[in-house]
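See below for model.txt, which holds compact mmCIF, C-alpha atoms.
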```txt
# COMPACT_ATOMS: atom_id res chain seq x y z
CA MET F 1 29.58 -51.44 -91.46
CA ILE F 2 26.85 -53.72 -92.69
CA GLU F 3 28.00 -55.91 -95.56
CA LYS F 4 24.77 -57.66 -96.56
CA ILE F 5 21.11 -57.70 -95.54
CA GLY F 6 18.67 -60.60 -95.77
CA ILE F 7 14.92 -60.31 -95.15
CA GLU F 8 12.43 -63.02 -94.23
CA ILE F 9 8.71 -62.23 -94.32
CA GLU F 10 5.88 -64.56 -93.30
CA GLY F 11 2.31 -64.46 -94.58
CA ALA F 12 0.00 -65.61 -97.36
CA TRP F 13 0.12 -64.89 -101.08
CA ASN F 14 -2.35 -65.28 -103.93
CA ASP F 15 0.48 -65.56 -106.46
CA MET F 16 4.13 -66.50 -106.26
CA MET F 17 7.05 -65.97 -108.63
CA ASP F 18 8.10 -69.25 -110.23
CA GLU F 19 11.74 -68.64 -109.41
CA PHE F 20 10.91 -68.36 -105.70
CA LEU F 21 9.34 -71.81 -105.86
CA THR F 22 12.29 -73.41 -107.63
CA ASN F 23 15.19 -71.78 -105.79
CA GLY F 24 13.86 -72.24 -102.25
CA VAL F 25 13.12 -68.59 -101.49
CA PHE F 26 9.53 -69.55 -100.63
CA ARG F 27 9.12 -72.22 -97.99
CA ARG F 28 6.41 -73.59 -95.77
CA ASP F 29 6.59 -72.52 -92.13
CA GLY F 30 4.77 -74.34 -89.35
CA SER F 31 4.65 -71.22 -87.18
CA VAL F 32 2.47 -69.38 -89.71
CA ASP F 33 -1.14 -70.02 -88.74
CA ILE F 34 -3.24 -68.90 -91.73
CA GLU F 35 -6.01 -70.93 -93.28
CA LYS F 36 -5.62 -71.20 -97.03
CA THR F 37 -9.35 -70.47 -97.33
CA GLN F 38 -8.88 -67.01 -95.79
CA GLN F 39 -10.62 -64.38 -97.90
CA CYS F 40 -8.55 -62.17 -100.14
CA GLU F 41 -8.10 -58.44 -99.57
CA GLY F 42 -10.90 -57.63 -101.99
CA CYS F 43 -13.41 -59.75 -100.10
CA ARG F 44 -12.37 -58.33 -96.74
CA ASP F 45 -12.77 -54.81 -98.12
CA GLY F 46 -16.30 -55.60 -99.32
CA TRP F 47 -16.00 -55.58 -103.08
CA ASP F 48 -19.36 -55.58 -104.84
CA SER F 49 -20.61 -59.01 -105.85
CA GLU F 50 -20.69 -57.96 -109.51
CA TYR F 51 -16.90 -58.31 -109.57
CA ASP F 52 -15.34 -61.71 -109.96
CA CYS F 53 -13.35 -62.74 -106.91
CA GLU F 54 -10.09 -64.61 -107.46
CA CYS F 55 -9.91 -66.20 -104.02
CA THR F 56 -12.48 -68.98 -104.45
CA GLU F 57 -9.83 -71.51 -103.50
CA GLY F 58 -8.19 -69.34 -100.86
CA PHE F 59 -4.55 -68.34 -100.74
CA ALA F 60 -2.30 -70.44 -102.92
CA TYR F 61 0.82 -70.01 -100.76
CA VAL F 62 1.14 -69.79 -96.98
CA GLY F 63 4.58 -69.67 -95.40
CA GLU F 64 7.70 -67.54 -95.65
CA LEU F 65 9.77 -65.75 -98.26
CA ALA F 66 13.45 -65.85 -97.31
CA PHE F 67 15.03 -63.51 -99.84
CA GLU F 68 18.59 -63.93 -101.03
CA PRO F 69 21.00 -61.56 -99.20
CA LYS F 70 21.46 -58.17 -100.82
CA ILE F 71 24.45 -55.83 -100.69
CA THR F 72 22.44 -52.61 -100.66
CA ILE F 73 19.45 -51.62 -98.56
CA ARG F 74 17.78 -50.27 -101.69
CA GLU F 75 17.81 -53.70 -103.35
CA ALA F 76 16.50 -55.40 -100.20
CA LEU F 77 13.64 -52.95 -99.71
CA ALA F 78 12.66 -53.04 -103.38
CA GLU F 79 12.28 -56.82 -103.23
CA LEU F 80 10.31 -56.65 -99.99
CA GLU F 81 7.97 -54.03 -101.44
CA GLY F 82 7.38 -55.96 -104.63
CA CYS F 83 6.69 -59.29 -102.94
CA TYR F 84 4.90 -58.30 -99.74
CA PRO F 85 2.27 -60.79 -98.50
CA ASP F 86 -1.35 -60.32 -99.49
CA TYR F 87 -2.36 -61.16 -95.93
CA THR F 88 -0.67 -61.36 -92.53
CA ASN F 89 -1.87 -62.02 -88.98
CA LYS F 90 -0.43 -62.27 -85.48
CA SER F 91 1.42 -65.49 -86.30
CA CYS F 92 3.54 -63.78 -88.97
CA GLY F 93 6.94 -62.25 -88.34
CA LEU F 94 9.42 -60.03 -90.16
CA HIS F 95 13.00 -61.18 -89.58
CA VAL F 96 16.06 -59.26 -90.75
CA HIS F 97 19.60 -60.66 -91.03
CA PHE F 98 22.71 -58.50 -91.19
CA SER F 99 26.28 -59.61 -91.90
CA MET F 100 29.40 -57.64 -91.00
CA SER F 101 33.10 -58.19 -90.39
CA ASP F 102 34.21 -60.65 -87.71
CA LEU F 103 35.72 -57.73 -85.84
CA GLU F 104 32.41 -55.89 -85.65
CA TYR F 105 30.49 -59.06 -84.88
CA SER F 106 32.87 -59.86 -82.04
CA TYR F 107 32.56 -56.36 -80.65
CA ILE F 108 28.78 -56.61 -80.47
CA VAL F 109 28.97 -60.03 -78.79
CA GLN F 110 31.45 -58.81 -76.20
CA ASN F 111 29.25 -55.79 -75.50
CA TRP F 112 25.96 -57.66 -75.78
CA LYS F 113 24.33 -56.10 -72.68
CA LYS F 114 24.84 -52.56 -73.99
CA PHE F 115 23.81 -53.56 -77.50
CA TYR F 116 20.63 -55.30 -76.32
CA ALA F 117 19.66 -52.29 -74.21
CA ASP F 118 20.29 -49.84 -77.05
CA TYR F 119 18.33 -52.04 -79.44
CA PHE F 120 15.27 -52.02 -77.19
CA GLN F 121 15.58 -48.28 -76.79
CA PHE F 122 15.53 -48.02 -80.58
CA LEU F 123 12.45 -50.28 -80.80
CA LYS F 124 10.51 -48.22 -78.28
CA TYR F 125 11.45 -44.97 -79.98
CA TRP F 126 10.47 -46.32 -83.39
CA GLY F 127 7.14 -47.64 -82.19
CA THR F 128 6.29 -44.43 -80.35
CA SER F 129 7.39 -42.08 -83.12
CA ARG F 130 5.40 -44.05 -85.72
CA GLN F 131 2.37 -44.03 -83.42
CA ILE F 132 2.05 -47.81 -83.42
CA ARG F 133 -1.21 -48.67 -81.71
CA GLU F 134 -0.99 -49.75 -78.08
CA GLY F 135 -1.85 -53.44 -77.76
CA SER F 136 -0.72 -54.22 -81.31
CA GLN F 137 1.48 -57.18 -82.16
CA PHE F 138 4.52 -54.90 -82.27
CA TRP F 139 4.17 -53.96 -78.60
CA LYS F 140 3.14 -57.47 -77.58
CA ARG F 141 6.33 -58.82 -79.10
CA LEU F 142 8.40 -56.20 -77.30
CA ASN F 143 6.78 -57.25 -74.05
CA GLY F 144 7.80 -60.87 -74.60
CA GLU F 145 4.31 -62.12 -75.46
CA ASN F 146 5.42 -64.11 -78.49
CA HIS F 147 7.12 -67.49 -78.20
CA TYR F 148 9.23 -66.91 -81.30
CA CYS F 149 10.90 -63.70 -80.08
CA ARG F 150 11.37 -64.09 -76.34
CA LYS F 151 12.49 -61.12 -74.29
CA GLY F 152 15.77 -61.22 -72.38
CA ILE F 153 19.04 -62.88 -73.27
CA ASP F 154 22.18 -64.11 -71.52
CA LYS F 155 25.66 -65.22 -72.49
CA ARG F 156 24.75 -68.90 -72.38
CA THR F 157 21.92 -68.38 -74.90
CA ILE F 158 24.21 -66.31 -77.13
CA ASN F 159 26.83 -69.09 -77.09
CA ARG F 160 24.18 -71.62 -78.09
CA GLN F 161 22.98 -69.38 -80.89
CA MET F 162 26.48 -68.75 -82.21
CA THR F 163 27.72 -72.33 -82.21
CA ASN F 164 24.59 -74.12 -83.42
CA PRO F 165 24.98 -75.05 -87.11
CA ASP F 166 21.30 -75.93 -87.33
CA TYR F 167 18.03 -74.51 -86.02
CA ASP F 168 16.99 -74.89 -82.40
CA SER F 169 14.85 -73.00 -79.90
CA SER F 170 17.72 -70.75 -78.78
CA ARG F 171 17.07 -68.58 -81.83
CA TYR F 172 13.58 -67.67 -80.55
CA ASN F 173 14.72 -64.37 -79.14
CA HIS F 174 14.51 -60.73 -80.17
CA ILE F 175 18.12 -61.12 -81.31
CA ASN F 176 19.64 -64.30 -82.72
CA PHE F 177 23.43 -64.40 -83.07
CA SER F 178 23.35 -66.90 -85.94
CA TYR F 179 27.09 -67.07 -86.53
CA ALA F 180 27.65 -70.76 -87.32
CA LYS F 181 24.48 -71.05 -89.43
CA HIS F 182 24.47 -67.82 -91.43
CA HIS F 183 27.32 -65.61 -90.15
CA THR F 184 24.65 -62.99 -89.37
CA ILE F 185 22.86 -61.27 -86.55
CA GLU F 186 19.14 -61.85 -86.94
CA PHE F 187 16.56 -59.41 -85.54
CA ARG F 188 13.20 -61.10 -84.90
CA SER F 189 11.25 -58.39 -83.05
CA ALA F 190 8.94 -57.10 -85.76
CA PRO F 191 5.63 -58.59 -86.82
CA ALA F 192 4.73 -58.81 -90.48
CA PHE F 193 2.94 -55.48 -90.43
CA GLN F 194 -0.41 -55.32 -92.20
CA LYS F 195 0.72 -52.03 -93.72
CA LYS F 196 3.60 -52.61 -96.12
CA ILE F 197 4.88 -49.07 -95.64
CA LEU F 198 5.50 -49.78 -91.95
CA ALA F 199 7.53 -52.89 -92.76
CA ILE F 200 9.70 -50.98 -95.21
CA ASP F 201 10.19 -48.14 -92.75
CA PHE F 202 11.10 -50.55 -89.95
CA VAL F 203 13.73 -52.38 -91.98
CA ARG F 204 15.25 -49.09 -93.16
CA SER F 205 15.32 -47.70 -89.62
CA LEU F 206 16.84 -50.90 -88.23
CA TYR F 207 19.54 -50.79 -90.90
CA ASP F 208 20.36 -47.19 -89.92
CA PHE F 209 20.37 -48.05 -86.20
CA LEU F 210 22.86 -50.88 -86.62
CA ASN F 211 25.17 -48.94 -88.91
CA MET F 212 25.18 -45.92 -86.61
CA TRP F 213 25.80 -48.12 -83.55
CA LEU F 214 28.83 -49.67 -85.21
CA MET F 215 30.20 -46.35 -86.44
CA SER F 216 29.84 -44.75 -83.02
CA LYS F 217 32.11 -47.29 -81.35
CA ASN F 218 35.89 -47.18 -81.26
CA ILE F 219 36.36 -50.81 -82.22
CA GLN F 220 39.88 -52.08 -81.67
CA PRO F 221 41.30 -55.19 -83.40
CA ILE F 222 40.09 -58.28 -81.59
CA ILE F 223 40.72 -61.94 -82.32
CA MET F 224 37.33 -63.66 -82.23
CA GLU F 225 37.16 -66.89 -80.27
CA ILE F 226 33.91 -68.86 -80.39
CA GLU F 227 33.29 -70.94 -77.28
CA LEU F 228 32.55 -74.49 -78.39
```
As structure tokens - that is how I would like this structure written.
Amino acid sequence: MIEKIGIEIEGAWNDMMDEFLTNGVFRRDGSVDIEKTQQCEGCRDGWDSEYDCECTEGFAYVGELAFEPKITIREALAELEGCYPDYTNKSCGLHVHFSMSDLEYSYIVQNWKKFYADYFQFLKYWGTSRQIREGSQFWKRLNGENHYCRKGIDKRTINRQMTNPDYDSSRYNHINFSYAKHHTIEFRSAPAFQKKILAIDFVRSLYDFLNMWLMSKNIQPIIMEIEL
């Protein structure tokens, strides 16, 4: 069963909570390509000129919010909903980390081909059932058209991901087995949806998929050995 969930969301914000600036939750991210002079939502929606616009200096914060891990999905989704970016584009991603017991982690790693296949089946079902527009960033990412979530994985890449205590390019996959760094499995497939409701629904559905996958397996005690 999932023990904790951590969400990372990229984009631009007009305002930022002071505590996020002091505790490192907000951070700059070189992969996020948004000009700080980008118009605010009101301007893009054509507000009448009689209203004062608050975006004369552009977005104040461009980068990523990496929220502290939460024990419950309700807490994680509430924070995501309350702090969702004011603007996102194709350079922005939605990354979700899950932690679990070493036994469950080891089981997924040992059955990585089946897990990867089931995960992509889930992604395609979710995108189709939610009527995600063909040609959108969601489908482009699934097709491997984004450098930061490459399609396809092998045991060598998984070993690199698991044993690397720092960041390197091996994590740029749909799934990142970030064991040494965070003791989590990171899912990097989703874009930072322009519609907040889609982001919330995706994270909730992904949480359910992973929990159900783990519960459906007859996991026997295994001693986990990380190949160094």
- prompt: How many Å lie between atom CA of Asp29 of chain F and atom CA of Val62 of chain F, rounded to one decimal?
  reply: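 About the pair atom CA of Asp29 of chain F and atom CA of Val62 of chain F: they are 7.8 Å apart.
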query: Smallest atom-to-atom distance to Tyr61 of chain F: which of F:Lys195, F:Lys114, F:Arg28, F:Lys90, using all atoms listed in the file?
result: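 Looking only at the distances to Tyr61 of chain F, the closest residue turns out to be F:Arg28.
The interatomic distance for the pair atom CA of Trp139 of chain F and atom CA of Phe120 of chain F works out to 11.4 Å.
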- request: Could you please determine the separation between atom CA of Val25 of chain F and atom CA of Phe202 of chain F in Å, to one decimal place?
  value: 21.5 Å
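Of the listed residues (F:Val203, F:Ala12, F:Leu142, F:Ile71), F:Ile71 comes nearest to Met100 of chain F; the distances count all atoms listed in the file.
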field: Which of F:Phe20, F:Tyr87, F:Phe98, F:Phe115 sits closest to Ala66 of chain F [using all atoms listed in the file]
entry: F:Phe20
Distance criterion (all atoms listed in the file): nearest to Ile158 of chain F out of F:Gln110, F:Ser99, F:Gln131, F:Ser91: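 When distances to Ile158 of chain F are compared using all atoms listed in the file, the smallest one comes from F:Gln110.
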- prompt: If I put a ball of radius 12 Å at (-2.9, -57.8, -81.8) in the file's coordinates, which residues poke into it when counting all atoms listed in the file, written as number ranges by chain?
  reply: F: 88-92, 132-141, 145-146, 191-194
task: Write out as a list of chain:residue names which residues come within 9 Å of Tyr148 of chain F when counting only C-alpha atoms, dropping same-chain ones fewer than 4 positions away.
output: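 Counting only C-alpha atoms, the residues come to F:Ser31, F:Gly93, F:Arg141, F:Ser169, F:Arg171, F:Tyr172, F:Asn173, F:His174, F:Arg188, F:Ser189.
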field: Residue nearest Val109 of chain F - candidates F:Thr72, F:Ser129, F:Thr184, F:Asn211, atoms counted: all atoms listed in the file
entry: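 Between F:Thr72, F:Ser129, F:Thr184, F:Asn211, the residue approaching Val109 of chain F most closely is F:Thr184.
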- request: Extract, using all atoms listed in the file, all DNA, RNA and protein residues at most 8 Å from His95 of chain F, discarding same-chain residues fewer than 6 positions from it, and format them as a PyMOL selection string.
  value: chain F and resi 7-9+186-190
query: Restricting the calculation to all atoms listed in the file, which member of F:Glu68, F:Glu10, F:Glu35, F:Glu81 is positioned closest to Ile197 of chain F?
result: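 So, comparing all the options, the nearest one is F:Glu81.
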Once 6 Å is added on each side, what centre and edge lengths in Å to one decimal does the axis-aligned box around all listed atoms of segment 191-204 of chain F have, as lines of an AutoDock Vina configuration file?
```
center_x = 7.4
center_y = -53.5
center_z = -91.5
size_x = 27.7
size_y = 22.7
size_z = 21.3
```
Fewer than 5 positions away in the same chain doesn't count, so skip those; otherwise give me all residues within 12 Å of Ile2 of chain F, counting only C-alpha atoms, as a short mmCIF file (atom, residue, chain, number, x, y, z; two decimals) with C-alpha atoms, in the frame of the given file.
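Produced file part-v6.cif, reproduced below:
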```cif
data_model
loop_
_atom_site.label_atom_id
_atom_site.label_comp_id
_atom_site.auth_asym_id
_atom_site.auth_seq_id
_atom_site.Cartn_x
_atom_site.Cartn_y
_atom_site.Cartn_z
CA PRO F 69 21.00 -61.56 -99.20
CA LYS F 70 21.46 -58.17 -100.82
CA ILE F 71 24.45 -55.83 -100.69
CA THR F 72 22.44 -52.61 -100.66
CA ILE F 73 19.45 -51.62 -98.56
CA HIS F 97 19.60 -60.66 -91.03
CA PHE F 98 22.71 -58.50 -91.19
CA SER F 99 26.28 -59.61 -91.90
CA MET F 100 29.40 -57.64 -91.00
CA SER F 101 33.10 -58.19 -90.39
CA ASP F 102 34.21 -60.65 -87.71
CA LEU F 103 35.72 -57.73 -85.84
CA GLU F 104 32.41 -55.89 -85.65
CA TYR F 105 30.49 -59.06 -84.88
CA THR F 184 24.65 -62.99 -89.37
CA ILE F 185 22.86 -61.27 -86.55
CA LEU F 206 16.84 -50.90 -88.23
CA TYR F 207 19.54 -50.79 -90.90
CA ASP F 208 20.36 -47.19 -89.92
CA PHE F 209 20.37 -48.05 -86.20
CA LEU F 210 22.86 -50.88 -86.62
CA ASN F 211 25.17 -48.94 -88.91
CA MET F 212 25.18 -45.92 -86.61
CA TRP F 213 25.80 -48.12 -83.55
CA LEU F 214 28.83 -49.67 -85.21
CA MET F 215 30.20 -46.35 -86.44
#
```
